[in-house]
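A.B. asks: Structure incoming, see below.
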Amino acid sequence: MLTHYKNIFIMIFITLWVPLVFNYFGYVFIEGQWIQFALHSLVEVMGAVLAIVMAVIMSEALSYRQLKPIFHWVVRAFLALAILDLVHAAMNVETLFVWFHSISGFFASLLLMIGVFAQGISWKIPVPRKISVLVVMAVFAFLSIQFDQLVPAMTDSQGEFTLFAMMINVLAGLMFVVSGVYFIAQYFKHDATEYLMIAGFAFLMVASDLSFAISSLWDFSWWGWHLLRLLAFISLSWFFYELLRTKVEAQQQSRQTLETQLHSTRQELFQVSQYAQLLCKTSLVSKSDLDGIITEVNDQFLDSTGYRRDELIGQPHSILKGGYTSQETYEALWRTIQSGKLWTGQLQNRKKNGDLFMIKIAILPIKNEAGEVVEYLAARQDITDAIEREERLTQYRTMDDLTGFKTRYQLIQDLEGQQIEKIALLNIDDSKEINDFFGMAVGNELIRQVGHYLAKVKDPALRIYRMHGDEFALTSVMKQPVEGFEAKIGQWVDELSDVPFDVAGHTIHISLKAGIAEGLDSALTAADMALKVAKKTSRSVVTQNETYLFSHQYKENAIWMQSLKQALADKGILLVYQPIYDLQNQGNMGYECLVRLEKDGAMVEPAYFLEVAKKSRLYSQLSQRIMSLAFKAFHDRTDMFSINICAEDMVNEQILNHLRNLCNSYCCADRLLLEFTEQEAHKNLDAAIEFVKEVKALGIQVAIDDLENGVTDFEALLKLQPDCIKIDGKLIAHLKDDVLTSHGKDAELVINTLVGFAHQRSIKVVAERVESQSQFLKLKALKVDCVQGFFTGKPAIIMTEPLKKT
């Protein structure tokens with residue numbers, strides 16, 4: 001408030017007191033006249049033009065609603081002042097000359113007074129249009145000139161102003177005083193500088209009108225009040241121009257901000273509509289009231305359940321209730337949604353024809369602005385097929401399709417459940433040669449018959465598992481131990497060596513090796529070591545206690561197992577990345593992720609610890625860690641990336657679930673390539689085929705790794721539906737020289753055949769272990785898609801872009 005008083009005091013001092021003192025000083029001490037018609041006309045025209053400019057600026061501000069309605073009257077006052085001052089500037093020094101000057105101030109102050117009083121009465125005086133003011137002032141000026149004899153005398157015979165002239169100016173000054181006081185009050189009320197500026201203009205006009213009374217034509221005071229009016233117009237024009245510019249810019253900025261917000265809101269609404277469209281196309285959607293009565297369903301809901309819309313609207317949701325879901329589940333559901341929270345879960349529903357189906361459902365309470373629940377929105381997905389696939393996959397993981405025995409995956413689960421007392425691994429000798437000579441079909445039938453024989457002769461207390469390919473496991477359980485376990489295993493090994501197996505018209509004799517171990521933590525590893533000892537020493541049966549010849553290796557394995565445990569606990573499992581070079585596009589298409597174990601500051605390759613991991617409970621954890629590291633490294637890149645897996649991964653439900661979670665979390669499944677060898681797939685071909693279907697459903701691609709001299713089973717290869725095949729480095733090594741040897745020509749022929757076979761089926765071909773420019777150029781000529789090896793890039797922790805090869 002003190003600031004306001006200070007500003008008002010300064011304004012009155014500058015606009016009223018200083019001009020009056022200045023003009024009075026000139027009136028008393030400066031005598032004489034300075035007759036300058038041209039200068040006078042210039043001053044009057046400049047003042048009139050500035051008044052018109054001010055009227056235009058304030059009109060613009062009023063159109064932007066930057067000024068209050070009282071300023072409409074200010075605009076009209078300025079227009080009246082401008083028109084009559086222009087006529088005044090054109091008159092000769094006679095009665096009309098002083099008349100137009102005096103009457104211009106009178107009309108301007110009168111219009112301001114009318115506007116001031118119009119603000120304080122309930123009946124609003126209509127604001128005259130600007131054109132009306134101009135017309136009235138022009139008509140008044142015309143009539144004054146036409147009937148000049150009727151105009152009162154404004155000067156006497158000595159050239160002094162008459163009493164009438166002085167009274168008109170004093171009256172105008174008094175009206176300006178009233179207007180100035182009103183605008184000072186509005187300044188206090190609105191704290192807006194424009195009111196103070198108009199008040200200052202009014203007081204300058206007061207000073208001008210009062211100075212008129214003590215002046216004569218062309219004397220110092222006469223010129224003083226002319227300059228006062230001009231000064232008032234100049235200062236006001238500058239102020240209102242700046243005011244309008246500032247406020248217009250602020251309004252334009254505000255409008256741009258609003259338009260941006262509106263655009264953003266429209267975009268968000270458009271996205272929401274797309275989300276809703278996606279939800280309606282992919283889910284069974286329904287709405288219900290607070291009592292669970294259905295109020296709306298989408299077309300997908302009707303197609304899935306078989307109901308018509310009129311059969312569902314108005315019905316309770318219990319019309320869909322199946323018999324599998326417990327009452328406790330429904331009670332928990334209602335408690336959750338009635339508390340305003342989202343509920344998700346699985347329910348069994350019933351279709352119109354009575355068929356049951358499983359759904360995954362999310363129910364969201366819809367709230368009003370007050371936070372009150374007004375209805376419920378439910379979105380469902382029919383997961384019946386997914387559950388059936390999961391059950392089939394579980395069966396593939398736990399039950400071998402060829403023999404009907406439990407699988408290696410189930411054996412590991414039983415070992416983890418501490419159900420196994422002793423374990424024996426039985427391996428058929430020379431099974432690869434049998435497959436190569438008679439074919440895979442005969443080899444598979446032989447394995448089935450061996451399994452059938454074991455099922456007939458085994459002790460009922462034994463469990464039989466098919467590990468992979470040509471290997472079986474027999475176990476004695478803790479609750480029902482088998483007496484003479486080792487002796488019985490030796491007996492069956494000997495008996496099987498004497499049994500002729502009739503397979504597809506062929507009589508085949510086999511021999512077996514067996515490794516036996518006991519204990520909970522490392523029984524499988526110890527049995528496998530005993531089996532390796534049996535193979536190396538050509539003995540039929542070797543027990544855990546007889547592996548002393550390989551104690552050093554066993555100790556090494558134990559050390560590596562401990563190192564692996566430590567690395568998993570301390571983030572010592574790392575990935576290095578080897579670029580895969582695209583020969584067509586001449587640049588990296590992606591990277592193969594290769595695992596390393598950090599030990600004593602060195603990077604250890606998987607050859608030292610991977611097999612140890614596979615024979616322990618650590619392999620699943622290691623495999624999941626590798627996948628997690630790869631997804632984290634590539635989720636924000638655009639490259640393809642590949643991960644190596646093996647048979648153990650394909651039958652491990654945890655691995656598949658972990659893959660699903662990573663795909664959902666990182667959204668880069670379409671750039672992932674899973675690599676596995678044909679040999680790994682054949683360890684459990686049916687499970688491998690099912691695994692490939694599952695990962696392809698996630699958008700993941702698969703590659704068959706380490707193809708060497710062609711593939712042994714093209715039918716199996718096609719069942720696996722690979723997106724890529726990788727030619728083993730052993731075959732690429734024959735392409736060393738510029739002049740091919742016979743081996744090199746054979747290798748080139750095999751590669752050419754593989755490329756033709758793959759490209760006819762839209763399968764990409766990658767050549768591994770490319771180490772020279774000659775190999776690089778030959779493979780490019782053979783139309784191999786991509787190459788990988790030291791020539792294009794060594795494995796490194798940091799992914800880099802290699803130089804383009806030509």
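The chains in the structure tokens are called A, B, ... from first to last as shown; in each chain the residues are counted from 1, and the ligands are counted from 1 in the order shown.
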So that I can check the surroundings of A:Leu754, please list as a VMD selection string every protein, DNA and RNA residue that reaches within 9 Å of it, counting only C-alpha atoms and ignoring chain neighbours fewer than 4 positions away.
C.D. replies: chain A and resid 710 725 727 749 to 750 758 to 759 765
A.B. asks: Let me see the file: selected residues, N, CA and C atoms, as a short mmCIF file (atom, residue, chain, number, x, y, z; two decimals), in the first residue's frame.
C.D. replies:
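What ended up in part03.cif:
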data_model
loop_
_atom_site.label_atom_id
_atom_site.label_comp_id
_atom_site.auth_asym_id
_atom_site.auth_seq_id
_atom_site.Cartn_x
_atom_site.Cartn_y
_atom_site.Cartn_z
N GLY A 710 27.40 -82.10 -43.40
CA GLY A 710 25.98 -82.29 -43.61
C GLY A 710 25.33 -82.68 -42.31
N ILE A 725 21.28 -72.01 -39.73
CA ILE A 725 22.19 -73.12 -39.47
C ILE A 725 23.61 -72.57 -39.47
N ILE A 727 27.62 -73.53 -39.83
CA ILE A 727 28.55 -74.55 -40.32
C ILE A 727 29.77 -74.58 -39.41
N LEU A 749 31.97 -78.20 -51.73
CA LEU A 749 30.77 -78.86 -52.25
C LEU A 749 29.72 -79.01 -51.15
N VAL A 750 30.17 -79.44 -49.97
CA VAL A 750 29.24 -79.61 -48.85
C VAL A 750 28.62 -78.27 -48.47
N ALA A 758 19.45 -74.66 -47.44
CA ALA A 758 18.95 -73.68 -46.47
C ALA A 758 18.19 -72.55 -47.17
N HIS A 759 18.75 -72.02 -48.24
CA HIS A 759 18.12 -70.87 -48.89
C HIS A 759 16.79 -71.22 -49.53
N VAL A 765 22.45 -68.99 -43.34
CA VAL A 765 23.63 -69.82 -43.14
C VAL A 765 24.76 -68.96 -42.59
#
A.B. asks: Could you pull out the helix (DSSP H, G or I) residues of stretch 403-445 of chain A, going by DSSP on the backbone, and write them as a PyMOL selection string?
C.D. replies: chain A and resi 408-416+431-438+440-445
A.B. asks: Hey, can you spit out that residue selection with N, CA and C atoms as a PDB file, in the first residue's frame?
C.D. replies:
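For reference, selection.pdb as written:
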ATOM      1  N   ARG A 408      15.813 -87.390 -17.746  1.00  0.00           N
ATOM      2  CA  ARG A 408      16.904 -86.819 -16.951  1.00  0.00           C
ATOM      3  C   ARG A 408      16.393 -85.673 -16.086  1.00  0.00           C
ATOM      4  N   TYR A 409      15.488 -84.843 -16.664  1.00  0.00           N
ATOM      5  CA  TYR A 409      14.916 -83.736 -15.902  1.00  0.00           C
ATOM      6  C   TYR A 409      14.254 -84.237 -14.625  1.00  0.00           C
ATOM      7  N   GLN A 410      13.481 -85.327 -14.733  1.00  0.00           N
ATOM      8  CA  GLN A 410      12.816 -85.879 -13.561  1.00  0.00           C
ATOM      9  C   GLN A 410      13.818 -86.459 -12.573  1.00  0.00           C
ATOM     10  N   LEU A 411      14.895 -87.057 -13.103  1.00  0.00           N
ATOM     11  CA  LEU A 411      15.932 -87.604 -12.223  1.00  0.00           C
ATOM     12  C   LEU A 411      16.553 -86.480 -11.380  1.00  0.00           C
ATOM     13  N   ILE A 412      16.829 -85.332 -12.036  1.00  0.00           N
ATOM     14  CA  ILE A 412      17.419 -84.212 -11.293  1.00  0.00           C
ATOM     15  C   ILE A 412      16.442 -83.719 -10.221  1.00  0.00           C
ATOM     16  N   GLN A 413      15.141 -83.683 -10.571  1.00  0.00           N
ATOM     17  CA  GLN A 413      14.151 -83.286  -9.573  1.00  0.00           C
ATOM     18  C   GLN A 413      14.132 -84.262  -8.398  1.00  0.00           C
ATOM     19  N   ASP A 414      14.228 -85.578  -8.687  1.00  0.00           N
ATOM     20  CA  ASP A 414      14.231 -86.585  -7.614  1.00  0.00           C
ATOM     21  C   ASP A 414      15.489 -86.471  -6.761  1.00  0.00           C
ATOM     22  N   LEU A 415      16.624 -86.173  -7.413  1.00  0.00           N
ATOM     23  CA  LEU A 415      17.858 -85.985  -6.649  1.00  0.00           C
ATOM     24  C   LEU A 415      17.741 -84.766  -5.728  1.00  0.00           C
ATOM     25  N   GLU A 416      17.160 -83.691  -6.247  1.00  0.00           N
ATOM     26  CA  GLU A 416      16.997 -82.494  -5.422  1.00  0.00           C
ATOM     27  C   GLU A 416      16.011 -82.742  -4.283  1.00  0.00           C
ATOM     28  N   SER A 431      26.779 -96.807 -30.097  1.00  0.00           N
ATOM     29  CA  SER A 431      25.438 -96.516 -30.631  1.00  0.00           C
ATOM     30  C   SER A 431      25.513 -95.600 -31.848  1.00  0.00           C
ATOM     31  N   LYS A 432      26.511 -94.709 -31.897  1.00  0.00           N
ATOM     32  CA  LYS A 432      26.636 -93.817 -33.054  1.00  0.00           C
ATOM     33  C   LYS A 432      26.884 -94.611 -34.333  1.00  0.00           C
ATOM     34  N   GLU A 433      27.739 -95.645 -34.209  1.00  0.00           N
ATOM     35  CA  GLU A 433      28.015 -96.465 -35.385  1.00  0.00           C
ATOM     36  C   GLU A 433      26.762 -97.213 -35.837  1.00  0.00           C
ATOM     37  N   ILE A 434      25.951 -97.645 -34.863  1.00  0.00           N
ATOM     38  CA  ILE A 434      24.694 -98.328 -35.222  1.00  0.00           C
ATOM     39  C   ILE A 434      23.779 -97.363 -35.968  1.00  0.00           C
ATOM     40  N   ASN A 435      23.687 -96.122 -35.475  1.00  0.00           N
ATOM     41  CA  ASN A 435      22.847 -95.125 -36.156  1.00  0.00           C
ATOM     42  C   ASN A 435      23.362 -94.815 -37.549  1.00  0.00           C
ATOM     43  N   ASP A 436      24.685 -94.673 -37.675  1.00  0.00           N
ATOM     44  CA  ASP A 436      25.264 -94.355 -38.979  1.00  0.00           C
ATOM     45  C   ASP A 436      25.053 -95.478 -39.979  1.00  0.00           C
ATOM     46  N   PHE A 437      25.129 -96.729 -39.493  1.00  0.00           N
ATOM     47  CA  PHE A 437      25.058 -97.886 -40.391  1.00  0.00           C
ATOM     48  C   PHE A 437      23.616 -98.248 -40.737  1.00  0.00           C
ATOM     49  N   PHE A 438      22.760 -98.296 -39.717  1.00  0.00           N
ATOM     50  CA  PHE A 438      21.380 -98.744 -39.933  1.00  0.00           C
ATOM     51  C   PHE A 438      20.377 -97.593 -40.046  1.00  0.00           C
ATOM     52  N   MET A 440      18.752 -93.753 -38.099  1.00  0.00           N
ATOM     53  CA  MET A 440      18.223 -93.318 -36.805  1.00  0.00           C
ATOM     54  C   MET A 440      17.003 -94.117 -36.388  1.00  0.00           C
ATOM     55  N   ALA A 441      16.161 -94.527 -37.342  1.00  0.00           N
ATOM     56  CA  ALA A 441      14.941 -95.260 -36.987  1.00  0.00           C
ATOM     57  C   ALA A 441      15.288 -96.584 -36.320  1.00  0.00           C
ATOM     58  N   VAL A 442      16.284 -97.277 -36.854  1.00  0.00           N
ATOM     59  CA  VAL A 442      16.714 -98.552 -36.259  1.00  0.00           C
ATOM     60  C   VAL A 442      17.347 -98.293 -34.898  1.00  0.00           C
ATOM     61  N   GLY A 443      18.163 -97.229 -34.823  1.00  0.00           N
ATOM     62  CA  GLY A 443      18.783 -96.890 -33.544  1.00  0.00           C
ATOM     63  C   GLY A 443      17.759 -96.599 -32.466  1.00  0.00           C
ATOM     64  N   ASN A 444      16.711 -95.872 -32.823  1.00  0.00           N
ATOM     65  CA  ASN A 444      15.666 -95.564 -31.850  1.00  0.00           C
ATOM     66  C   ASN A 444      14.911 -96.818 -31.421  1.00  0.00           C
ATOM     67  N   GLU A 445      14.625 -97.685 -32.378  1.00  0.00           N
ATOM     68  CA  GLU A 445      13.922 -98.932 -32.029  1.00  0.00           C
ATOM     69  C   GLU A 445      14.776 -99.807 -31.119  1.00  0.00           C
TER      70      GLU A 445
END
A.B. asks: Under the rule that only C-alpha atoms are counted, which of A:Gly354, A:Pro500, A:Gly789, A:Gly490 is the nearest residue to A:Val542?
C.D. replies: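 For A:Val542, the nearest of the given residues is A:Gly490.
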A.B. asks: As number ranges by chain, please: the residues near A:Asp400 (cut-off 12 Å, only C-alpha atoms, same-chain neighbours under 5 positions excluded).
C.D. replies: A: 392-395, 405-411, 447-448, 451, 464-469, 472, 651, 683-688
A.B. asks: I'd like to know which of A:Phe691, A:Phe609, A:Phe203, A:Tyr376 is closest to A:Trp334, using only C-alpha atoms.
C.D. replies: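 Under the stated criterion, the closest residue is A:Tyr376.
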A.B. asks: Quote the spacing between atom CA of A:Cys593 and atom CA of A:Phe641 in Å to one decimal place.
C.D. replies: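 We find that atom CA of A:Cys593 and atom CA of A:Phe641 lie 6.8 Å from each other.
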